[in-house]
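target-v5.cif (mmCIF, C-alpha atoms (C1' of nucleotides)) appears below.
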data_query
#
loop_
_atom_site.label_atom_id
_atom_site.label_comp_id
_atom_site.auth_asym_id
_atom_site.auth_seq_id
_atom_site.Cartn_x
_atom_site.Cartn_y
_atom_site.Cartn_z
CA MET S 1 20.74 -17.72 9.75
CA ASN S 2 18.87 -20.91 8.85
CA PHE S 3 15.54 -20.24 7.17
CA SER S 4 12.72 -22.67 6.48
CA PHE S 5 11.95 -20.89 3.22
CA SER S 6 13.78 -19.97 0.02
CA THR S 7 15.95 -16.85 0.19
CA ASN S 8 16.60 -16.78 -3.57
CA LYS S 9 16.03 -13.27 -4.87
CA LEU S 10 13.22 -12.96 -7.44
CA PRO S 11 14.62 -12.07 -10.90
CA GLN S 12 13.56 -9.28 -13.23
CA GLU S 13 11.45 -11.72 -15.30
CA PHE S 14 9.11 -12.25 -12.34
CA TYR S 15 8.01 -8.62 -12.44
CA SER S 16 7.75 -8.21 -16.23
CA ARG S 17 4.54 -10.28 -16.47
CA HIS S 18 0.84 -9.32 -16.43
CA VAL S 19 -0.12 -7.48 -13.27
CA THR S 20 -2.80 -9.89 -11.98
CA ASP S 21 -0.47 -12.86 -12.50
CA VAL S 22 2.28 -11.10 -10.54
CA ALA S 23 -0.20 -10.07 -7.83
CA LYS S 24 -1.32 -13.64 -7.24
CA ASP S 25 2.22 -14.99 -7.36
CA LEU S 26 3.39 -12.42 -4.80
CA LEU S 27 1.48 -14.24 -2.07
CA GLY S 28 3.96 -16.21 0.05
CA LYS S 29 6.95 -14.28 -1.30
CA VAL S 30 9.12 -12.55 1.30
CA LEU S 31 9.62 -8.78 1.33
CA CYS S 32 13.13 -7.89 2.54
CA ARG S 33 14.23 -4.41 3.58
CA THR S 34 17.73 -3.53 4.71
CA VAL S 35 17.96 -0.75 7.31
CA SER S 36 21.29 -0.01 8.99
CA GLY S 37 22.63 -3.43 8.03
CA GLN S 38 19.65 -5.26 9.53
CA ILE S 39 17.26 -7.17 7.27
CA LEU S 40 13.60 -6.69 8.08
CA SER S 41 11.43 -9.28 6.36
CA GLY S 42 7.83 -10.34 6.07
CA LYS S 43 5.75 -12.83 4.11
CA ILE S 44 3.30 -11.16 1.72
CA VAL S 45 -0.25 -12.22 2.60
CA GLU S 46 -2.48 -9.63 0.86
CA VAL S 47 -2.15 -7.60 -2.36
CA GLU S 48 -4.21 -5.65 -4.91
CA ALA S 49 -3.55 -5.16 -8.65
CA TYR S 50 -3.88 -1.80 -10.42
CA SER S 51 -3.64 -1.16 -14.18
CA LYS S 52 -3.84 1.81 -16.50
CA ASP S 53 -6.04 -0.23 -18.84
CA GLY S 54 -9.74 -0.09 -17.91
CA ASP S 55 -9.06 0.51 -14.22
CA GLU S 56 -10.27 3.92 -13.10
CA ALA S 57 -9.06 3.32 -9.54
CA SER S 58 -5.43 3.19 -10.67
CA HIS S 59 -3.21 6.23 -10.28
CA SER S 60 -1.94 5.47 -13.80
CA PHE S 61 -5.43 5.68 -15.33
CA LYS S 62 -4.77 9.39 -15.73
CA GLU S 63 -1.91 10.77 -17.78
CA LYS S 64 1.60 10.44 -16.45
CA ASN S 65 2.25 13.07 -13.75
CA LYS S 66 4.74 13.77 -11.00
CA ARG S 67 3.17 11.33 -8.56
CA ASN S 68 2.45 8.34 -10.82
CA SER S 69 5.45 8.51 -13.19
CA ILE S 70 7.22 5.59 -11.51
CA MET S 71 4.33 3.32 -12.55
CA PHE S 72 5.41 3.86 -16.18
CA GLU S 73 9.04 2.88 -15.65
CA GLY S 74 8.60 -0.87 -16.09
CA GLY S 75 8.46 -3.91 -13.78
CA GLY S 76 10.87 -4.58 -10.93
CA ILE S 77 10.85 -1.23 -9.15
CA LEU S 78 9.04 0.16 -6.12
CA TYR S 79 6.27 2.79 -6.36
CA VAL S 80 5.61 4.65 -3.09
CA TYR S 81 2.98 7.36 -2.66
CA LEU S 82 1.61 9.59 0.07
CA ILE S 83 -2.04 9.01 0.93
CA TYR S 84 -4.44 11.13 3.00
CA GLY S 85 -1.54 13.49 3.58
CA ILE S 86 -0.06 11.37 6.35
CA HIS S 87 0.51 7.76 5.28
CA PHE S 88 2.60 5.94 2.67
CA CYS S 89 1.70 2.90 0.57
CA MET S 90 4.12 0.70 -1.38
CA ASN S 91 3.52 -0.93 -4.74
CA ILE S 92 5.48 -3.32 -6.91
CA VAL S 93 5.59 -2.11 -10.52
CA THR S 94 4.92 -4.84 -13.11
CA GLY S 95 4.95 -5.37 -16.86
CA ASP S 96 6.91 -3.59 -19.55
CA LYS S 97 7.87 0.08 -19.66
CA ASN S 98 4.78 2.31 -20.02
CA SER S 99 2.40 -0.50 -19.00
CA GLY S 100 1.33 1.58 -15.98
CA CYS S 101 0.69 -1.45 -13.78
CA ALA S 102 1.52 -2.06 -10.12
CA VAL S 103 0.59 -4.26 -7.17
CA LEU S 104 -0.26 -2.65 -3.84
CA VAL S 105 1.18 -4.59 -0.90
CA ARG S 106 -1.64 -4.55 1.67
CA ALA S 107 -0.35 -6.86 4.40
CA VAL S 108 2.62 -8.97 5.43
CA GLU S 109 3.38 -11.44 8.22
CA PRO S 110 6.51 -10.31 10.10
CA LEU S 111 9.39 -12.82 9.99
CA THR S 112 12.75 -11.33 11.01
CA ASN S 113 13.82 -8.38 13.16
CA ILE S 114 10.27 -8.05 14.43
CA ASP S 115 11.54 -5.96 17.36
CA ILE S 116 12.82 -3.30 14.95
CA MET S 117 9.50 -3.25 13.12
CA MET S 118 7.65 -2.82 16.40
CA LYS S 119 9.90 0.07 17.25
CA ASN S 120 9.32 1.67 13.83
CA ARG S 121 5.56 1.29 14.29
CA PHE S 122 4.95 2.00 17.96
CA GLY S 123 8.19 3.50 19.22
CA GLU S 124 8.95 0.55 21.46
CA ALA S 125 10.25 -2.93 20.75
CA LEU S 126 8.22 -4.86 23.30
CA PRO S 127 6.39 -7.51 21.27
CA ASN S 128 3.06 -7.41 23.01
CA ASP S 129 0.82 -10.07 21.47
CA LYS S 130 -1.97 -7.68 20.57
CA SER S 131 0.29 -5.05 18.98
CA LEU S 132 2.10 -7.62 16.83
CA ALA S 133 -1.18 -8.55 15.16
CA HIS S 134 -1.73 -4.92 14.18
CA ALA S 135 1.86 -4.14 13.19
CA THR S 136 1.76 -4.92 9.46
CA ASN S 137 -1.90 -5.73 8.63
CA GLY S 138 -2.50 -2.70 6.38
CA PRO S 139 -0.71 -0.97 3.48
CA ALA S 140 0.37 2.13 5.41
CA LYS S 141 1.10 0.15 8.58
CA LEU S 142 3.62 -2.10 6.85
CA CYS S 143 5.32 0.89 5.23
CA LYS S 144 5.87 2.36 8.65
CA ALA S 145 7.10 -0.94 10.08
CA PHE S 146 9.54 -1.36 7.17
CA ASN S 147 10.60 2.30 7.29
CA VAL S 148 9.51 2.94 3.70
CA ASP S 149 8.60 6.42 2.48
CA LEU S 150 9.13 8.59 -0.62
CA ALA S 151 12.90 8.15 -0.30
CA GLN S 152 12.34 4.59 -1.62
CA ASN S 153 10.08 5.64 -4.51
CA GLY S 154 11.48 4.20 -7.75
CA ILE S 155 14.26 2.04 -6.31
CA SER S 156 15.04 -1.30 -7.92
CA LEU S 157 13.76 -4.52 -6.36
CA LEU S 158 16.96 -6.14 -7.51
CA SER S 159 18.89 -3.85 -5.14
CA SER S 160 20.08 -4.79 -1.67
CA GLU S 161 17.98 -2.06 -0.02
CA ILE S 162 14.65 -3.65 -0.92
CA TYR S 163 14.04 -6.98 -2.67
CA LEU S 164 11.81 -10.04 -2.68
CA THR S 165 12.71 -13.69 -2.23
CA GLU S 166 10.92 -16.86 -3.32
CA GLY S 167 9.79 -17.52 0.23
CA PHE S 168 6.98 -20.00 0.76
CA GLU S 169 5.13 -22.32 -1.61
CA VAL S 170 1.47 -21.36 -1.94
CA SER S 171 -1.12 -23.65 -3.51
CA GLU S 172 -4.12 -22.44 -5.49
CA ASP S 173 -6.66 -23.44 -2.82
CA GLU S 174 -4.98 -21.25 -0.18
CA ILE S 175 -5.64 -18.09 -2.23
CA GLY S 176 -8.72 -15.92 -1.71
CA ASN S 177 -9.92 -13.40 -4.32
CA SER S 178 -12.26 -10.41 -3.88
CA LYS S 179 -13.05 -6.84 -4.78
CA ARG S 180 -10.52 -4.19 -3.80
CA VAL S 181 -10.71 -2.15 -0.60
CA GLY S 182 -11.46 1.54 -0.21
CA ILE S 183 -12.00 2.60 -3.84
CA SER S 184 -14.97 4.35 -5.47
CA LYS S 185 -14.28 3.67 -9.16
CA SER S 186 -13.88 0.35 -11.01
CA LYS S 187 -15.24 -1.35 -7.89
CA GLU S 188 -16.33 -4.44 -9.81
CA LEU S 189 -12.81 -5.80 -10.50
CA ASP S 190 -11.84 -8.80 -8.33
CA TRP S 191 -8.20 -7.79 -8.13
CA ARG S 192 -7.55 -8.32 -4.41
CA PHE S 193 -5.70 -11.53 -3.52
CA TYR S 194 -4.94 -12.85 -0.03
CA LEU S 195 -3.95 -15.96 1.87
CA LYS S 196 -7.08 -17.48 3.40
CA GLY S 197 -7.09 -17.65 7.18
CA ASN S 198 -3.82 -15.74 7.68
CA ARG S 199 -4.24 -13.52 10.73
CA PHE S 200 -2.28 -10.63 9.21
CA VAL S 201 -4.70 -10.13 6.30
CA SER S 202 -6.32 -6.72 6.77
CA LYS S 203 -9.96 -7.74 6.11
"C1'" DA W 204 -8.07 31.02 -6.08
"C1'" DC W 205 -10.77 27.89 -3.35
"C1'" DA W 206 -13.13 23.41 -2.25
"C1'" DA W 207 -13.35 18.48 -2.46
"C1'" DT W 208 -11.31 13.97 -2.63
"C1'" DG W 209 -8.50 9.88 -1.53
"C1'" DA W 210 -5.53 2.42 -2.99
"C1'" DT W 211 -5.69 4.87 5.45
"C1'" DT W 212 -5.24 4.81 10.22
"C1'" DG W 213 -6.17 5.61 15.06
"C1'" DG W 214 -8.84 7.62 18.66
"C1'" DC W 215 -13.18 8.38 20.68
"C1'" DT W 216 -18.38 7.54 21.36
"C1'" DG O 217 -19.79 3.61 13.97
"C1'" DC O 218 -18.02 8.40 13.31
"C1'" DC O 219 -14.43 11.49 12.40
"C1'" DA O 220 -10.00 14.10 12.31
"C1'" DA O 221 -5.25 14.20 10.57
"C1'" DT O 222 -2.83 16.42 6.40
"C1'" DC O 223 -1.34 17.19 1.45
"C1'" DA O 224 -1.00 16.25 -3.66
"C1'" DT O 225 -4.09 16.24 -7.18
"C1'" DT O 226 -8.29 17.39 -9.32
"C1'" DG O 227 -12.66 19.88 -9.97
"C1'" DT O 228 -15.24 24.21 -9.85
"C1'" DC O 229 -15.86 29.28 -9.82
#
Using structure tokens, write down the structure that the file contains.
Amino acid sequence: MNFSFSTNKLPQEFYSRHVTDVAKDLLGKVLCRTVSGQILSGKIVEVEAYSKDGDEASHSFKEKNKRNSIMFEGGGILYVYLIYGIHFCMNIVTGDKNSGCAVLVRAVEPLTNIDIMMKNRFGEALPNDKSLAHATNGPAKLCKAFNVDLAQNGISLLSSEIYLTEGFEVSEDEIGNSKRVGISKSKELDWRFYLKGNRFVSK
DNA sequence: ACAATGATTGGCT
DNA sequence: GCCAATCATTGTC
């Protein structure tokens, strides 16, 4: 396949940095997910950073427990959790071991095997124009489209099952920055980053 | 032990 | 705009 973007896999060093730096740099990168030999992929267009330090909205703000333990395992792995009893959200763990930092992936723009994603989301592959726009424009929506659940919690982003590639160049003036969505504590932090004008951004 | 809450979504008014 | 779905975790009695 001939892609118009870089398919070089991001190295461990990318993830070992400060969480807000990684969050911003994740915009334009391509999330790849192998399912039954097929590679589902999407360009990351919206993220949020969470940290154990001074961020009461983060799962890691509390002591390490069964749910959040993956956040303490160091950068370069995936943290998946169940929310509202019915949905899953995926996060990219950053920093060193015990840093308790992760980036929530809130929205992606579908790139390859869109028909499989549509089937994962809606049970049918027909790429209706309206449904495509709502396929991956939310954290739990994209998990469903990419067939990600607790079975992927803690897996390495250097694996072939899930990984990120360099993807698209993003310049500073394309990036928007705001408060995070749907939280009640530490509301003041401007730790949401998104690509301005991209139609797959959730808000 | 029991009640409330949540990094959400989808259906209905 | 309102609200139910559904469960791990947390708060209260």
Expansion of the PyMOL selection byres ((chain W and resi 211) around 7) into residues, as a PyMOL selection string
(chain S and resi 84+87+140) or (chain W and resi 212)
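Here the PyMOL selection byres ((chain S and resi 5) around 6) catches exactly these residues: Phe3, Ser4, Ser6, Gly167 and Phe168 of chain S.
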If we count only C-alpha atoms (C1' of nucleotides), what is near DC218 in chain O at a cut-off of 12 Å, once residues fewer than 5 positions away on the same chain are taken out, given as JSON, numbers by chain?
{"W": [214, 215, 216]}
Contacts of DA207 in chain W within 10 Å, all atoms listed in the file, excl. fewer than 6 positions in-chain, as an mmCIF file with C-alpha atoms (C1' of nucleotides), in the coordinates of the input:
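Here's the written file result_32.cif:
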data_model
loop_
_atom_site.group_PDB
_atom_site.id
_atom_site.type_symbol
_atom_site.label_atom_id
_atom_site.label_comp_id
_atom_site.auth_asym_id
_atom_site.auth_seq_id
_atom_site.Cartn_x
_atom_site.Cartn_y
_atom_site.Cartn_z
ATOM 1 C "C1'" DT O 226 -8.290 17.390 -9.320
ATOM 2 C "C1'" DG O 227 -12.660 19.880 -9.970
ATOM 3 C "C1'" DT O 228 -15.240 24.210 -9.850
#
Selection result for the PyMOL selection byres ((chain W and resi 205) around 9) on this file, as a short mmCIF file (atom, residue, chain, number, x, y, z; two decimals) with C-alpha atoms (C1' of nucleotides), in the frame of the given file:
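Below is the file that was written, selection01.cif:
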data_model
loop_
_atom_site.label_atom_id
_atom_site.label_comp_id
_atom_site.auth_asym_id
_atom_site.auth_seq_id
_atom_site.Cartn_x
_atom_site.Cartn_y
_atom_site.Cartn_z
"C1'" DA W 204 -8.07 31.02 -6.08
"C1'" DA W 206 -13.13 23.41 -2.25
"C1'" DT O 228 -15.24 24.21 -9.85
"C1'" DC O 229 -15.86 29.28 -9.82
#
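Any residue of chain S with an atom no more than 9 Å from chain W counts as a contact; using all atoms listed in the file, that gives Glu48, Tyr50, Ala57, Ser58, His59, Ile83, Tyr84, Ile86, His87, Phe88, Cys89, Leu104, Gly138, Pro139, Ala140, Lys141, Arg180, Val181, Gly182 and Ile183 of chain S.
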Write out the residues from the selection above, keeping C-alpha atoms, as a PDB file, in the frame of the given file.
ATOM      1  CA  GLU S  48      -4.210  -5.650  -4.910  1.00  0.00           C
ATOM      2  CA  TYR S  50      -3.880  -1.800 -10.420  1.00  0.00           C
ATOM      3  CA  ALA S  57      -9.060   3.320  -9.540  1.00  0.00           C
ATOM      4  CA  SER S  58      -5.430   3.190 -10.670  1.00  0.00           C
ATOM      5  CA  HIS S  59      -3.210   6.230 -10.280  1.00  0.00           C
ATOM      6  CA  ILE S  83      -2.040   9.010   0.930  1.00  0.00           C
ATOM      7  CA  TYR S  84      -4.440  11.130   3.000  1.00  0.00           C
ATOM      8  CA  ILE S  86      -0.060  11.370   6.350  1.00  0.00           C
ATOM      9  CA  HIS S  87       0.510   7.760   5.280  1.00  0.00           C
ATOM     10  CA  PHE S  88       2.600   5.940   2.670  1.00  0.00           C
ATOM     11  CA  CYS S  89       1.700   2.900   0.570  1.00  0.00           C
ATOM     12  CA  LEU S 104      -0.260  -2.650  -3.840  1.00  0.00           C
ATOM     13  CA  GLY S 138      -2.500  -2.700   6.380  1.00  0.00           C
ATOM     14  CA  PRO S 139      -0.710  -0.970   3.480  1.00  0.00           C
ATOM     15  CA  ALA S 140       0.370   2.130   5.410  1.00  0.00           C
ATOM     16  CA  LYS S 141       1.100   0.150   8.580  1.00  0.00           C
ATOM     17  CA  ARG S 180     -10.520  -4.190  -3.800  1.00  0.00           C
ATOM     18  CA  VAL S 181     -10.710  -2.150  -0.600  1.00  0.00           C
ATOM     19  CA  GLY S 182     -11.460   1.540  -0.210  1.00  0.00           C
ATOM     20  CA  ILE S 183     -12.000   2.600  -3.840  1.00  0.00           C
TER      21      ILE S 183
END
Please report as an MDAnalysis selection string which residues of chain O come no farther than 9 Å from chain S, using all atoms listed in the file.
chainID O and resid 221:225
Name the residues in contact with Arg199 in chain S at a cut-off of 9 Å, using only C-alpha atoms (C1' of nucleotides), excluding same-chain residues fewer than 3 positions from it; report them as a ChimeraX atom specification.
/S:109,133,137,196,202
Taking 3 positions as the minimum chain separation for residues in the same chain, which residues sit within 7 Å of range 17-32 of chain S when counting all atoms listed in the file? Answer as JSON, numbers by chain.
{"S": [14, 39, 40, 41, 42, 43, 44, 45, 46, 47, 48, 49, 94, 95, 101, 102, 103, 162, 163, 164, 165, 166, 167, 168, 169, 170, 191, 193, 194, 195]}
Those selected residues, please, written with C-alpha atoms and delivered as an mmCIF file, in the frame of the given file.
data_model
loop_
_atom_site.group_PDB
_atom_site.id
_atom_site.type_symbol
_atom_site.label_atom_id
_atom_site.label_comp_id
_atom_site.auth_asym_id
_atom_site.auth_seq_id
_atom_site.Cartn_x
_atom_site.Cartn_y
_atom_site.Cartn_z
ATOM 1 C CA PHE S 14 9.110 -12.250 -12.340
ATOM 2 C CA ILE S 39 17.260 -7.170 7.270
ATOM 3 C CA LEU S 40 13.600 -6.690 8.080
ATOM 4 C CA SER S 41 11.430 -9.280 6.360
ATOM 5 C CA GLY S 42 7.830 -10.340 6.070
ATOM 6 C CA LYS S 43 5.750 -12.830 4.110
ATOM 7 C CA ILE S 44 3.300 -11.160 1.720
ATOM 8 C CA VAL S 45 -0.250 -12.220 2.600
ATOM 9 C CA GLU S 46 -2.480 -9.630 0.860
ATOM 10 C CA VAL S 47 -2.150 -7.600 -2.360
ATOM 11 C CA GLU S 48 -4.210 -5.650 -4.910
ATOM 12 C CA ALA S 49 -3.550 -5.160 -8.650
ATOM 13 C CA THR S 94 4.920 -4.840 -13.110
ATOM 14 C CA GLY S 95 4.950 -5.370 -16.860
ATOM 15 C CA CYS S 101 0.690 -1.450 -13.780
ATOM 16 C CA ALA S 102 1.520 -2.060 -10.120
ATOM 17 C CA VAL S 103 0.590 -4.260 -7.170
ATOM 18 C CA ILE S 162 14.650 -3.650 -0.920
ATOM 19 C CA TYR S 163 14.040 -6.980 -2.670
ATOM 20 C CA LEU S 164 11.810 -10.040 -2.680
ATOM 21 C CA THR S 165 12.710 -13.690 -2.230
ATOM 22 C CA GLU S 166 10.920 -16.860 -3.320
ATOM 23 C CA GLY S 167 9.790 -17.520 0.230
ATOM 24 C CA PHE S 168 6.980 -20.000 0.760
ATOM 25 C CA GLU S 169 5.130 -22.320 -1.610
ATOM 26 C CA VAL S 170 1.470 -21.360 -1.940
ATOM 27 C CA TRP S 191 -8.200 -7.790 -8.130
ATOM 28 C CA PHE S 193 -5.700 -11.530 -3.520
ATOM 29 C CA TYR S 194 -4.940 -12.850 -0.030
ATOM 30 C CA LEU S 195 -3.950 -15.960 1.870
#
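Reported to one decimal place, the separation of CA of Leu150 in chain S from CA of Val80 in chain S is 5.8 Å.
Reported to one decimal place, the separation of CA of Lys52 in chain S from CA of Gly75 in chain S is 13.8 Å.
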Show me that you can extract range 217-228 of chain O, keeping N, CA and C atoms (P, O5', C5', C4', C3', O3' and C1' of nucleotides), and write it as a compact mmCIF listing (two decimals), in the first residue's frame.
# COMPACT_ATOMS: atom_id res chain seq x y z
P DG O 217 -28.73 22.63 25.60
O5' DG O 217 -29.84 22.02 26.59
C5' DG O 217 -31.10 22.56 26.66
C4' DG O 217 -32.05 21.53 27.22
C3' DG O 217 -31.45 20.70 28.36
O3' DG O 217 -32.39 20.58 29.40
C1' DG O 217 -32.18 19.27 26.62
P DC O 218 -31.95 19.99 30.83
O5' DC O 218 -32.58 18.54 30.81
C5' DC O 218 -33.98 18.38 30.53
C4' DC O 218 -34.31 16.89 30.49
C3' DC O 218 -33.71 16.09 31.65
O3' DC O 218 -34.69 15.20 32.15
C1' DC O 218 -33.06 15.14 29.58
P DC O 219 -34.46 14.44 33.54
O5' DC O 219 -34.05 13.00 33.01
C5' DC O 219 -34.92 12.31 32.14
C4' DC O 219 -34.26 11.03 31.65
C3' DC O 219 -33.49 10.28 32.75
O3' DC O 219 -33.78 8.91 32.66
C1' DC O 219 -32.10 10.60 30.90
P DA O 220 -33.84 8.02 33.99
O5' DA O 220 -33.80 6.54 33.40
C5' DA O 220 -34.37 6.28 32.11
C4' DA O 220 -33.47 5.37 31.31
C3' DA O 220 -32.80 4.26 32.12
O3' DA O 220 -32.83 3.06 31.38
C1' DA O 220 -31.14 5.55 31.04
P DA O 221 -32.55 1.68 32.11
O5' DA O 221 -31.16 1.24 31.47
C5' DA O 221 -31.03 1.17 30.07
C4' DA O 221 -29.58 0.91 29.69
C3' DA O 221 -28.87 -0.07 30.65
O3' DA O 221 -28.15 -1.02 29.91
C1' DA O 221 -27.64 1.95 30.46
P DT O 222 -27.95 -2.46 30.47
O5' DT O 222 -26.63 -2.33 31.36
C5' DT O 222 -25.41 -2.09 30.71
C4' DT O 222 -24.31 -1.89 31.76
C3' DT O 222 -24.42 -2.87 32.93
O3' DT O 222 -23.13 -3.31 33.28
C1' DT O 222 -24.39 -0.68 33.72
P DC O 223 -22.99 -4.72 34.05
O5' DC O 223 -21.71 -4.45 34.97
C5' DC O 223 -20.50 -4.03 34.37
C4' DC O 223 -19.69 -3.21 35.37
C3' DC O 223 -19.67 -3.80 36.79
O3' DC O 223 -18.39 -3.56 37.36
C1' DC O 223 -20.32 -1.60 36.87
P DA O 224 -17.43 -4.75 37.77
O5' DA O 224 -16.07 -3.98 38.13
C5' DA O 224 -15.48 -3.16 37.15
C4' DA O 224 -14.85 -1.94 37.80
C3' DA O 224 -14.19 -2.21 39.15
O3' DA O 224 -12.97 -1.48 39.21
C1' DA O 224 -15.89 -0.59 39.42
P DT O 225 -12.05 -1.56 40.50
O5' DT O 225 -12.39 -0.23 41.29
C5' DT O 225 -12.31 1.02 40.61
C4' DT O 225 -12.87 2.12 41.46
C3' DT O 225 -12.34 2.14 42.90
O3' DT O 225 -11.77 3.41 43.14
C1' DT O 225 -14.70 2.39 42.83
P DT O 226 -11.07 3.75 44.54
O5' DT O 226 -12.17 4.68 45.26
C5' DT O 226 -12.76 5.74 44.53
C4' DT O 226 -13.91 6.33 45.32
C3' DT O 226 -13.59 6.57 46.80
O3' DT O 226 -13.98 7.88 47.14
C1' DT O 226 -15.62 5.38 46.55
P DG O 227 -13.71 8.52 48.58
O5' DG O 227 -15.17 8.71 49.17
C5' DG O 227 -16.14 9.48 48.45
C4' DG O 227 -17.49 9.38 49.14
C3' DG O 227 -17.44 9.65 50.65
O3' DG O 227 -18.60 10.40 51.01
C1' DG O 227 -18.35 7.50 50.25
P DT O 228 -18.68 11.06 52.47
O5' DT O 228 -19.87 10.21 53.12
C5' DT O 228 -21.12 10.11 52.42
C4' DT O 228 -22.02 9.11 53.12
C3' DT O 228 -22.06 9.24 54.66
O3' DT O 228 -23.41 9.21 55.09
C1' DT O 228 -21.65 7.01 54.03
